[in-house]
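For reference, the structure is listed below as structure tokens.
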Amino acid sequence: MDTQALRAQLPTLVCGHVPSNVHRFKFQVFDGEPKVSILGIPVDPKPFDGKVIARTDEAIVIKTGRAEFAVLDRALVTDVPDEGAKVHVEPYARRRFDGLRADTPEKQVERTVDGLTYSVHTTVLGSAPAKLPIPKPRCPELAALIEQLEQLPAPDGFRRITHMLVDAGARDFTWVDPTPANIIQTPPAIGFTVSTGKFTGDVRVLYNRGADQYAIELHRGGECIDRIEDVFFDDLGRVLEGLIDDGSWRRIRVQRVP
């Protein structure tokens, strides 16, 4: 979508949908690029409702408020509604393995000195964690792998690697948590199942203590069909993206409502 050309065209597209006493309008563009707050922090847009007021070859324009509009990249939407249709729109938002948005406030249960319990909900600006559903390991190398998957960025620069796993439908996690004496015979590893347009099957990330590198294996039907050796920790995101990420996470869900 040619965003610059669309910005020039937008006043003409919305002029009949802005009250006569309003001289300015606001709009947001949803083109698959990450949203950033005024503080420069990546943010996940909220779902919204509106009415389709214009369509072009590249974009769909939706009125969301009195003088507020949303512009959707037509190539990314899951449905192209007619002008006048009321719609519910869900732009991409990073999620956790439990299905909740990754920016959902964390809940902690605290206790007062006299034994009463209370809940505290905390949110850290810019934080959208997707923690692996794996208990705290005893093996330092497995702990390091978990931290790297949770903290290192995916190649798109917006998601973490674990967000990419969520978007690939990662489930049925397994792990190998060896003692120091068995780290060579039974390498630390994390396994999971994914289902994407690129690959459906089991993925395993294994740590090679001797080389201090990782290997990534793809399994299907109990057979290893591919193995990538000599993967440095800072290349985990790129390699996993090439194997399992089909890009469908960028799609904008559009649903017509009565």
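Ligands are numbered from 1 in the order shown, chains are lettered A, B, ... in the order of the structure tokens, and residues start at 1 in each chain.
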
> What's the 10 Å shell around Asp202 of chain A, counting only C-alpha atoms, without same-chain residues fewer than 3 positions away, as an MDAnalysis selection string?
Replying inline: chainID A and resid 170:173 191:195 199 217:224

> Within 12 Å of segment 27-37 of chain A, counting only C-alpha atoms, which residues qualify if same-chain residues fewer than 5 places away don't, as a VMD selection string?
Replying inline: chain A and resid 1 to 4 6 to 7 10 to 11 14 42 to 48 58 to 77 89 to 94 125 to 126 156 to 159 247 to 253

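Considering only C-alpha atoms, the residue among A:Thr162, A:Gln255, A:Thr200, A:Asn182 positioned nearest to Leu145 of chain A is A:Thr162.
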
> Between atom CA of Val257 of chain A and atom CA of Arg96 of chain A, what is the distance, to one decimal in Å?
Replying inline: 27.0 Å

>> Among segment 133-222 of chain A, which ones does DSSP assign to helix (DSSP H, G or I) (computed from the backbone)? Answer as a list in words.
In response: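 Here is the list: Pro140, Glu141, Leu142, Ala143, Ala144, Leu145, Ile146, Glu147, Gln148, Leu149, Glu150, Gln151, Ile161, Thr162, His163, Met164, Leu165, Val166, Asp167, Pro180, Ala181 and Asn182 of chain A.
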
>> Ranking A:Ala128, A:Val113, A:Leu13, A:Ala181 by minimum distance to Glu150 of chain A and counting only C-alpha atoms, which one comes first?
In response: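 Once distances to Glu150 of chain A are computed over only C-alpha atoms, the minimum belongs to A:Ala128.
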
>> Going by DSSP on the backbone, which residues of segment 11-250 of chain A come out as strand (DSSP E)? List them as a PyMOL selection string.
In response: chain A and resi 26-30+35-36+42-43+48-55+59-65+68-73+86-90+106-111+117-122+171-176+189-195+200-208+213-220+223-231
